[in-house]
Structure formats: C-alpha cells, structure tokens
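The file data00.txt contains compact mmCIF, C-alpha atoms:
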# COMPACT_ATOMS: atom_id res chain seq x y z
CA MET A 1 39.62 -20.10 -13.81
CA SER A 2 39.95 -19.12 -10.16
CA HIS A 3 38.22 -21.25 -7.53
CA LEU A 4 35.66 -19.48 -5.41
CA THR A 5 35.28 -19.86 -1.66
CA CYS A 6 31.98 -20.53 0.16
CA GLU A 7 32.03 -16.96 1.49
CA THR A 8 32.14 -15.67 -2.06
CA VAL A 9 29.62 -18.09 -3.49
CA ARG A 10 26.79 -17.90 -0.96
CA PRO A 11 25.92 -14.23 -1.43
CA LEU A 12 25.81 -14.90 -5.18
CA LEU A 13 23.32 -17.76 -4.99
CA PRO A 14 20.20 -15.55 -5.26
CA ASP A 15 21.62 -14.07 -8.48
CA ARG A 16 22.32 -17.59 -9.74
CA GLY A 17 18.70 -18.51 -9.12
CA SER A 18 17.40 -15.48 -10.98
CA GLY A 19 19.83 -16.04 -13.85
CA THR A 20 21.50 -12.68 -13.45
CA LEU A 21 25.05 -13.87 -12.82
CA PRO A 22 27.58 -12.91 -15.50
CA PRO A 23 28.56 -15.99 -17.58
CA ASN A 24 32.12 -16.29 -16.27
CA GLN A 25 30.97 -16.00 -12.66
CA SER A 26 28.18 -18.48 -13.32
CA VAL A 27 30.66 -21.12 -14.50
CA ALA A 28 32.78 -20.63 -11.39
CA VAL A 29 29.77 -20.85 -9.09
CA GLU A 30 28.55 -24.07 -10.75
CA ALA A 31 32.01 -25.57 -10.39
CA HIS A 32 31.98 -24.73 -6.70
CA LEU A 33 28.49 -26.17 -6.18
CA ALA A 34 29.55 -29.45 -7.78
CA THR A 35 32.10 -30.00 -5.04
CA CYS A 36 30.61 -28.19 -1.99
CA HIS A 37 27.75 -29.96 -0.27
CA GLN A 38 26.99 -27.01 2.05
CA CYS A 39 26.61 -24.44 -0.71
CA ALA A 40 24.65 -26.90 -2.87
CA ALA A 41 22.23 -27.43 0.01
CA GLU A 42 21.82 -23.68 0.39
CA ALA A 43 21.17 -23.36 -3.33
CA GLU A 44 18.41 -25.97 -3.00
CA VAL A 45 16.80 -24.02 -0.18
CA LEU A 46 16.76 -20.92 -2.35
CA GLN A 47 15.20 -22.87 -5.21
CA ALA A 48 12.49 -24.20 -2.90
CA LEU A 49 11.80 -20.66 -1.72
CA ARG A 50 11.67 -19.32 -5.24
CA ARG A 51 9.19 -21.99 -6.27
CA GLY A 52 6.99 -20.95 -3.37
CA ARG A 53 7.15 -17.27 -4.24
CA PRO A 54 3.71 -15.73 -3.69
CA GLU A 55 2.10 -14.04 -6.69
CA PRO A 56 -0.39 -11.20 -6.42
CA PRO A 57 -3.99 -11.65 -7.53
CA GLU A 58 -4.42 -10.94 -11.22
CA GLU A 59 -6.65 -7.95 -10.62
CA LEU A 60 -4.26 -6.10 -8.32
CA ALA A 61 -2.38 -4.20 -11.02
CA VAL A 62 -5.62 -2.93 -12.56
CA ARG A 63 -6.96 -1.98 -9.14
CA ILE A 64 -3.84 0.07 -8.40
CA GLN A 65 -3.84 1.69 -11.83
CA ASP A 66 -7.47 2.61 -11.43
CA THR A 67 -6.83 4.09 -7.99
CA LEU A 68 -3.94 6.18 -9.27
CA ARG A 69 -6.03 7.58 -12.11
CA HIS A 70 -8.74 8.77 -9.81
CA ALA A 71 -6.88 9.77 -6.68
CA PRO A 72 -6.58 13.52 -6.05
CA GLY A 73 -3.01 14.63 -5.63
CA SER A 74 -1.43 11.85 -7.63
CA SER A 75 0.48 12.76 -10.77
CA GLY A 76 -2.24 11.23 -12.86
CA ALA A 77 -5.09 13.34 -11.57
CA ALA A 78 -4.30 16.71 -13.10
CA PRO A 79 -3.80 15.90 -16.77
CA ARG A 80 -6.56 13.33 -17.04
CA PRO A 81 -8.67 14.14 -20.07
CA PRO A 82 -12.44 14.02 -19.72
CA THR A 83 -13.47 10.44 -20.31
CA GLY A 84 -17.13 10.50 -19.47
CA ASP A 85 -16.31 8.24 -16.56
CA SER A 86 -18.64 9.03 -13.69
CA ARG A 87 -15.77 8.71 -11.23
CA GLY A 88 -13.79 11.61 -12.61
CA GLY A 89 -13.02 14.00 -15.44
CA GLY A 90 -12.56 17.73 -15.68
CA GLY A 91 -10.53 18.11 -12.49
CA PRO A 92 -11.64 18.23 -8.89
CA ALA A 93 -14.62 20.41 -7.97
CA PRO A 94 -14.11 23.19 -5.42
CA TRP A 95 -15.19 22.42 -1.87
CA TRP A 96 -18.01 24.90 -2.03
CA ALA A 97 -19.50 23.42 -5.22
CA PRO A 98 -22.31 21.53 -3.43
CA LEU A 99 -23.48 24.78 -1.86
CA GLN A 100 -24.27 26.13 -5.32
CA ARG A 101 -27.34 23.87 -5.29
CA PRO A 102 -30.25 25.79 -3.69
CA GLY A 103 -31.48 22.94 -1.50
CA LEU A 104 -28.08 22.22 -0.09
CA ALA A 105 -27.40 25.90 0.49
CA ALA A 106 -30.58 26.14 2.54
CA ALA A 107 -29.64 23.02 4.47
CA ALA A 108 -26.23 24.51 5.20
CA VAL A 109 -27.85 27.63 6.64
CA VAL A 110 -30.08 25.47 8.82
CA VAL A 111 -27.12 23.48 10.07
CA LEU A 112 -25.28 26.72 10.82
CA ALA A 113 -28.21 28.08 12.80
CA LEU A 114 -28.70 24.84 14.68
CA GLY A 115 -24.98 24.58 15.33
CA THR A 116 -24.94 28.07 16.75
CA ALA A 117 -27.88 27.26 19.00
CA VAL A 118 -26.26 24.10 20.29
CA ILE A 119 -22.57 24.92 20.46
CA TRP A 120 -22.56 28.59 21.44
CA PRO A 121 -24.13 28.06 24.87
CA GLN A 122 -21.58 25.34 25.58
CA VAL A 123 -18.74 27.66 24.64
CA ARG A 124 -20.16 30.32 26.88
CA GLY A 125 -20.76 27.88 29.71
CA GLY A 126 -24.52 28.15 29.21
CA PRO A 127 -27.09 25.41 28.81
CA SER A 128 -25.94 22.29 27.04
CA LEU A 129 -27.67 20.34 24.32
CA THR A 130 -29.66 18.40 26.90
CA ASP A 131 -30.58 21.62 28.67
CA LEU A 132 -32.22 22.85 25.49
CA ASP A 133 -34.19 19.62 25.26
CA LEU A 134 -34.22 19.66 21.49
CA ASP A 135 -36.11 16.95 19.68
CA LEU A 136 -33.25 15.43 17.72
CA GLU A 137 -35.12 12.33 16.66
CA THR A 138 -37.70 14.04 14.51
CA PRO A 139 -36.18 14.79 11.11
CA LEU A 140 -36.14 18.46 10.20
CA MET A 141 -38.39 19.31 7.30
CA VAL A 142 -36.21 21.61 5.25
CA GLU A 143 -37.81 23.26 2.31
CA VAL A 144 -35.97 24.40 -0.77
CA TRP A 145 -36.18 28.12 -0.16
CA THR A 146 -36.58 30.75 -2.72
CA GLU A 147 -34.06 33.54 -2.94
CA ASP A 148 -36.30 35.88 -0.94
CA ALA A 149 -36.84 33.34 1.81
CA GLY A 150 -33.09 33.30 2.37
CA ILE A 151 -33.32 36.53 4.37
CA VAL A 152 -35.09 34.67 7.14
CA ALA A 153 -32.60 31.88 7.21
CA GLY A 154 -33.12 29.57 10.12
CA ALA A 155 -36.84 30.24 10.35
CA PRO A 156 -37.92 26.59 9.93
CA VAL A 157 -35.73 25.57 12.84
CA LEU A 158 -36.62 28.49 15.05
CA GLU A 159 -40.27 27.64 14.63
CA GLU A 160 -39.61 24.31 16.25
CA LEU A 161 -38.14 25.89 19.36
CA SER A 162 -40.08 26.80 22.46
CA ASP A 163 -40.23 30.37 23.70
CA GLU A 164 -37.81 29.52 26.45
CA GLN A 165 -35.33 28.05 23.99
CA LEU A 166 -35.71 31.04 21.72
CA LEU A 167 -35.00 33.40 24.60
CA ILE A 168 -31.85 31.52 25.46
CA LEU A 169 -30.73 31.58 21.87
CA LEU A 170 -31.50 35.27 21.41
CA GLU A 171 -29.72 36.13 24.60
CA GLU A 172 -26.63 34.25 23.53
CA LEU A 173 -26.61 35.67 20.04
CA GLY A 174 -27.21 39.16 21.31
CA GLY A 175 -24.64 38.91 24.07
CA MET B 176 8.69 -3.43 -30.33
CA GLY B 177 11.94 -2.08 -28.90
CA PRO B 178 13.65 -2.85 -25.63
CA PRO B 179 11.70 -1.98 -22.50
CA ARG B 180 12.10 1.58 -21.31
CA PRO B 181 14.24 2.02 -18.20
CA ASP B 182 12.36 2.88 -15.02
CA ALA B 183 14.05 6.29 -14.96
CA ASP B 184 12.41 7.26 -18.26
CA LEU B 185 9.03 6.09 -17.03
CA VAL B 186 9.46 8.06 -13.80
CA THR B 187 10.28 11.23 -15.75
CA ARG B 188 7.17 10.77 -17.86
CA ALA B 189 5.01 9.85 -14.86
CA ARG B 190 6.08 13.06 -13.12
CA LYS B 191 4.55 14.95 -16.02
CA GLY B 192 1.31 13.06 -15.58
CA ASP B 193 1.81 10.44 -18.28
CA LEU B 194 -0.73 7.78 -17.39
CA GLU B 195 0.80 5.12 -19.61
CA ALA B 196 4.12 5.52 -17.83
CA MET B 197 2.41 5.14 -14.45
CA ASP B 198 0.55 2.08 -15.67
CA GLU B 199 3.80 0.52 -16.83
CA LEU B 200 5.50 1.20 -13.49
CA VAL B 201 2.59 -0.49 -11.74
CA ARG B 202 2.71 -3.47 -14.13
CA ARG B 203 6.44 -3.90 -13.58
CA HIS B 204 6.56 -3.56 -9.85
CA HIS B 205 3.21 -4.39 -8.31
CA ALA B 206 4.20 -8.01 -7.65
CA ALA B 207 7.36 -6.99 -5.78
CA VAL B 208 5.42 -4.42 -3.79
CA TYR B 209 2.73 -6.97 -2.97
CA ARG B 210 5.22 -9.64 -1.88
CA THR B 211 7.10 -7.16 0.29
CA ALA B 212 3.91 -6.03 1.98
CA LEU B 213 2.82 -9.64 2.37
CA GLY B 214 6.16 -10.47 3.98
CA ILE B 215 5.38 -7.95 6.71
CA LEU B 216 1.62 -8.23 7.05
CA ARG B 217 1.18 -11.94 6.23
CA ASP B 218 -2.36 -11.24 5.15
CA GLU B 219 -3.33 -11.15 1.46
CA ASP B 220 -6.06 -8.54 1.67
CA ARG B 221 -4.01 -6.18 3.77
CA ALA B 222 -1.00 -6.72 1.53
CA GLN B 223 -3.10 -5.61 -1.44
CA ASP B 224 -4.27 -2.53 0.45
CA ALA B 225 -0.72 -1.72 1.48
CA ALA B 226 0.50 -2.17 -2.10
CA GLN B 227 -2.14 0.24 -3.33
CA GLU B 228 -1.28 2.80 -0.66
CA ALA B 229 2.42 2.47 -1.38
CA PHE B 230 1.90 3.21 -5.07
CA LEU B 231 -0.36 6.11 -4.22
CA LYS B 232 2.23 7.63 -1.91
CA ALA B 233 5.00 6.98 -4.39
CA MET B 234 3.18 8.67 -7.26
CA ARG B 235 2.24 11.63 -5.07
CA GLY B 236 5.83 11.92 -3.95
CA LEU B 237 7.54 11.39 -7.29
CA SER B 238 8.98 14.89 -7.13
CA GLY B 239 10.88 13.77 -4.03
CA PHE B 240 12.51 10.86 -5.85
CA ARG B 241 15.99 12.09 -6.62
CA GLY B 242 17.20 9.04 -8.47
CA ASP B 243 19.99 8.26 -6.00
CA ALA B 244 18.61 4.74 -5.74
CA ARG B 245 16.74 2.58 -8.22
CA PHE B 246 13.06 3.39 -8.46
CA LEU B 247 12.20 -0.13 -7.25
CA THR B 248 14.33 0.27 -4.13
CA TRP B 249 12.69 3.62 -3.37
CA LEU B 250 9.25 2.14 -3.97
CA LEU B 251 9.94 -0.85 -1.72
CA THR B 252 11.17 1.46 1.02
CA ILE B 253 7.82 3.22 0.90
CA THR B 254 6.11 -0.17 0.88
CA VAL B 255 7.98 -1.35 3.96
CA ASN B 256 7.02 1.82 5.83
CA GLU B 257 3.42 1.56 4.74
CA ALA B 258 3.10 -2.10 5.68
CA ARG B 259 4.80 -1.61 9.03
CA GLY B 260 2.47 1.28 9.77
CA MET B 261 -0.52 -0.84 8.82
CA LEU B 262 0.73 -3.67 11.00
CA ARG B 263 0.97 -1.31 13.95
CA ARG B 264 -2.56 -0.10 13.30
CA VAL B 265 -4.24 -3.48 12.92
CA GLY B 266 -2.28 -5.17 15.65
CA ARG B 267 -0.08 -8.19 15.45
CA ARG B 268 -2.72 -10.49 16.86
CA GLN B 269 -4.60 -10.44 13.62
CA GLU B 270 -1.67 -11.60 11.56
CA GLN B 271 -2.23 -14.62 9.42
CA SER B 272 0.40 -17.00 8.24
CA LEU B 273 2.17 -16.52 4.95
CA GLU B 274 1.67 -20.22 4.33
CA HIS B 275 -1.97 -19.50 3.51
CA SER B 276 -1.25 -16.91 0.87
CA GLY B 277 -1.94 -17.41 -2.80
CA PRO B 278 -2.14 -20.52 -4.92
CA LEU B 279 0.79 -22.78 -4.17
CA VAL B 280 1.02 -24.75 -7.40
CA ALA B 281 -0.29 -24.12 -10.89
CA THR B 282 -3.62 -25.87 -11.20
CA ASP B 283 -2.76 -27.32 -14.61
CA ALA B 284 0.02 -29.47 -13.14
CA ASP B 285 -0.26 -33.23 -12.84
CA PRO B 286 -2.26 -34.08 -9.67
CA ALA B 287 0.50 -36.23 -8.12
CA GLU B 288 3.16 -33.66 -8.91
CA ARG B 289 0.84 -30.94 -7.68
CA ALA B 290 0.41 -32.67 -4.34
CA THR B 291 4.13 -33.22 -3.87
CA ARG B 292 5.07 -29.73 -4.90
CA GLY B 293 2.24 -28.24 -2.92
CA ILE B 294 3.54 -29.79 0.27
CA GLU B 295 7.06 -28.67 -0.51
CA LEU B 296 6.00 -25.12 -1.28
CA ALA B 297 3.70 -24.86 1.70
CA ARG B 298 6.56 -25.97 3.88
CA ALA B 299 8.92 -23.43 2.37
CA ARG B 300 6.41 -20.64 2.92
CA ALA B 301 5.60 -21.75 6.43
CA CYS B 302 9.29 -21.74 7.32
CA LEU B 303 9.76 -18.30 5.80
CA ALA B 304 6.80 -17.00 7.77
CA ARG B 305 8.44 -18.14 11.00
CA LEU B 306 11.52 -15.96 10.56
CA PRO B 307 11.80 -12.68 12.44
CA GLU B 308 10.66 -9.75 10.31
CA LYS B 309 14.04 -8.35 9.32
CA GLN B 310 15.41 -11.76 8.37
CA ARG B 311 12.24 -12.53 6.45
CA LEU B 312 12.37 -9.24 4.59
CA ALA B 313 16.06 -9.61 3.82
CA VAL B 314 15.41 -13.04 2.31
CA ILE B 315 12.34 -11.90 0.38
CA LEU B 316 14.01 -8.80 -1.05
CA ARG B 317 17.25 -10.59 -1.91
CA VAL B 318 15.84 -13.88 -3.23
CA PHE B 319 12.48 -12.89 -4.69
CA GLU B 320 13.20 -9.36 -5.86
CA GLY B 321 16.90 -9.57 -6.60
CA LEU B 322 17.90 -6.51 -4.59
CA SER B 323 21.55 -6.11 -3.67
CA PHE B 324 22.41 -6.15 0.03
CA ARG B 325 22.89 -2.41 -0.08
CA GLU B 326 19.39 -2.00 -1.53
CA VAL B 327 17.94 -4.43 0.99
CA GLY B 328 19.48 -2.31 3.74
CA GLN B 329 17.93 0.85 2.29
CA ALA B 330 14.53 -0.77 2.04
CA ILE B 331 14.43 -2.16 5.57
CA ASP B 332 16.16 0.84 7.11
CA SER B 333 19.38 -0.83 8.14
CA SER B 334 22.99 -0.85 7.02
CA GLU B 335 24.26 -3.03 4.19
CA GLY B 336 26.15 -5.11 6.76
CA ALA B 337 23.03 -5.63 8.86
CA ALA B 338 21.13 -6.65 5.73
CA ARG B 339 23.80 -9.28 4.98
CA VAL B 340 23.68 -10.60 8.52
CA ASN B 341 19.90 -10.76 8.52
CA TYR B 342 19.91 -12.55 5.18
CA HIS B 343 22.47 -15.14 6.23
CA HIS B 344 20.81 -15.77 9.58
CA GLY B 345 17.51 -16.17 7.78
CA ILE B 346 18.88 -18.61 5.22
CA ARG B 347 20.65 -20.62 7.91
CA ARG B 348 17.45 -20.95 9.90
CA LEU B 349 15.50 -21.86 6.78
CA ARG B 350 18.02 -24.60 6.03
CA GLU B 351 17.64 -25.96 9.54
CA MET B 352 13.87 -25.94 9.24
CA LEU B 353 13.71 -27.39 5.73
CA GLU B 354 16.38 -30.06 5.94
What would the structure in this file look like if it were written as structure tokens?
Amino acid sequence: MSHLTCETVRPLLPDRGSGTLPPNQSVAVEAHLATCHQCAAEAEVLQALRRGRPEPPEELAVRIQDTLRHAPGSSGAAPRPPTGDSRGGGGPAPWWAPLQRPGLAAAAVVVLALGTAVIWPQVRGGPSLTDLDLDLETPLMVEVWTEDAGIVAGAPVLEELSDEQLLILLEELGG
Amino acid sequence: MGPPRPDADLVTRARKGDLEAMDELVRRHHAAVYRTALGILRDEDRAQDAAQEAFLKAMRGLSGFRGDARFLTWLLTITVNEARGMLRRVGRRQEQSLEHSGPLVATDADPAERATRGIELARARACLARLPEKQRLAVILRVFEGLSFREVGQAIDSSEGAARVNYHHGIRRLREMLE
C-alpha cells in the first residue's frame, strides 16, 4: 500500500467523516492519521464540526412542499387535481374573475370614476386632490346596482360632489 | 422497496408536474438548503424563508436545469444567491450568530454528557460563525454536504482553486480557534 502525504490526505478528510471514501483509500488515510498528529488534529476539528451540524426544524420540509403545491408558476401548480382544499384546485382564476360579481363590478366602476376625477386633473396640470377638497374620510356607500343602473355608472359618487367640483370634472372629461 | 431513485429521475418527473417527485426532492435536500442559507444569513427564521424561496425558484426554473451539474449543486447555487440577496435586503446589522441556531444536543442524552457536548458543539458553531462568508460556506458545503471542491466553487461562484483555498483557510482558522 502506498503512503499518502498530508497534502493528499487533508482534502479527503471530509469524505472520511461522511463515510464516502473508497475502502482502499480509507485504509491508507487511517494509516496516515495514526502517524500524523497534524492531520489527526484536523480530522478531530471536522468531527467536532459535524457533531454541531445544524438541523432544520421538523416542519420545514412540509412547509416547503405545501408552498410548492400552491404556488402559481411552479411545476406542481398546473397538474394539481381538485382536492377540495380551500387554498387551491381547478387552476388559477383569471384576473378579471372578481369583476364577474355584480357588487365588485359596481365598485370597480366607482373607483374608475373617482380615479378619473382625481388623477386626470393632475395629469393635465389642473387642480389636485386637495384642490377638489374631497371628503376621503367618509366611506362611500356603494350599492349593488342592477343591470339598468349600470348606465349611470358613477352616479353615487357624482352626487357627493359639489357643483364646482362637478364643473371641473365635466370640463376635464369634455376637454 | 427498491433502491432510492436518482435525483435525475425525480427531476424529470417533477418537470412534468409529478408532486411526489417534488416532495421527494424536498425531503432529500431541504436540510442542505437550510444549512447553506443559515451559513449565510445566520438567522433560523430567515434561513427557513430563504430555503422555501430557493425551492420555489428551483421548481419554477426546472426547465433551465440542463443536468451539467448535480441537482443538489444547482439547487445550492440558487440557495446561495437567494440567501445573499436576502442578506443584502435585511442588512447585515440584523445578523444573529450561528451559535444560537437549532438544538445543540439530543435532549435524550445523559445530562452530564449533554452539558459537555453542548459546550463543545456551541464552541464549534461559534467558531464557524466567525469565519468570513466564503470560508464558512466552503467548509459547510464540503464538510456538511459532501460537495466536491469543484461543486463548492460552482455554488459560491468561484473557481475550484478558490474553493480549495477558502476551505483550507477556514479549517486552519477553525483549528486555531478550537485548539
């Protein structure tokens, strides 16, 4: 059997510790360690490190698996069969799905109208939000509109505006 | 029960959306991913978050895994990038010491032995935590995860030679601190 040098043995010590050295190499390394104080000391350091190896919390694997199953865009999302789980099943809903609910559709129209009233003047260099003096603290009372009411979208908000504010808005929308 | 499936088989199945294959990859490698993230972040909670993000990115990017390297090496490269990014975001000031991470000794051990070993292990961890990041990572990946120096280099974005140097410097400093 050939004798190994320190330069050969030291890089192999982690494999010795994990038991992955081939048998013939293992015998040669042990023979070297029996006679080399320096390499034996290094082997002890590695053993101390290995004993102190941190382990993950038990629940981590399950947490990751669960995340992968429910994350959009991961390989696991598309083929997931319906499970009845409230967190998923049946594939992702389109972005417009919430608007198919009448109440939310009405709210979206209100937001659009309000957004136009607030942002458009700023874009045009007109009065700002503070100029309009809107009461932003009072919650808007948005009704669930019927289909017919949809043609006057924005009416509940416009009713809250003063004549002066309405004129500004009409001017901007008309201009 | 036959021999465990190679990672490459599991990756092929996971690409097709096989949940059991993904679960198995997580079971096999989550500890290595966690330890690697912990080696950079030195904070248990953040290491768990980074591990989760790393798996998420890996599974989303499985189509980009060409199989040139082992799956574990590729996964740990993603982990290193994720943890380094997280460290930049949270700021180094908030780092905690690795010596505080995880149970040090099995709680069913003899109390006297537990105390002795606990001190020894806490010391080993504290010393490891004091190494510069690249040396620390080189030691963690080589000693804990059994990566070759070439793989360590790939994971920490350095050459194989630099990985060797970092490892040996790290071990030498650990010896000085522990002896």
Edge lengths and centre in Å to one decimal, as JSON, of the axis-aligned box that encloses all listed atoms of stretch 331-344 of chain B with 3 Å added on every side?
{"center_x": 20.3, "center_y": -7.5, "center_z": 6.9, "size_x": 17.7, "size_y": 22.6, "size_z": 11.4}
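Among B:Ser334, B:Asn256, B:Thr187, B:Gln310, the residue with the shortest atom-to-atom distance to B:Leu349, counting all atoms listed in the file, is B:Gln310.
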Exercise. Taking only C-alpha atoms into account, report as an MDAnalysis selection string which residues of chain A lie within 10 Å of chain B.
Key: chainID A and resid 10:18 20 41:58 60:69 71:80
Quiz item: Separation of atom CA of B:Ile253 and atom CA of B:Arg325, in Å?
Solution: 16.1 Å
Quiz item: Could you work out how far atom CA of B:Glu257 lies from atom CA of B:Ala304, giving the answer in Å with one decimal?
Solution: 19.1 Å
Quiz item: What is the atom CA of B:Phe246 to atom CA of B:Asp182 distance in Å?
Solution: 6.6 Å
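Close contacts of B:Gly328, defined as residues with an atom at most 10 Å away when counting all atoms listed in the file, with chain neighbours fewer than 4 positions off set aside, comprise Thr248, Thr252, Lys309, Leu312, Ala313, Leu316, Leu322, Ser323, Phe324, Asp332, Ser333, Ser334, Glu335, Gly336, Ala337, Ala338, Arg339 and Asn341 of chain B.
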Self-check item: Expected residue set, 6 Å radius at (8.7, -3.6, 2.6), only C-alpha atoms, as a PyMOL selection string
Solution: chain B and resi 211-212+251-252+254-255
Write the residues of the selection above to a file with C-alpha atoms, as a PDB file, keeping the file's coordinate frame.
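Writing done, so here's again.pdb:
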ATOM      1  CA  THR B 211       7.100  -7.160   0.290  1.00  0.00           C
ATOM      2  CA  ALA B 212       3.910  -6.030   1.980  1.00  0.00           C
ATOM      3  CA  LEU B 251       9.940  -0.850  -1.720  1.00  0.00           C
ATOM      4  CA  THR B 252      11.170   1.460   1.020  1.00  0.00           C
ATOM      5  CA  THR B 254       6.110  -0.170   0.880  1.00  0.00           C
ATOM      6  CA  VAL B 255       7.980  -1.350   3.960  1.00  0.00           C
TER       7      VAL B 255
END
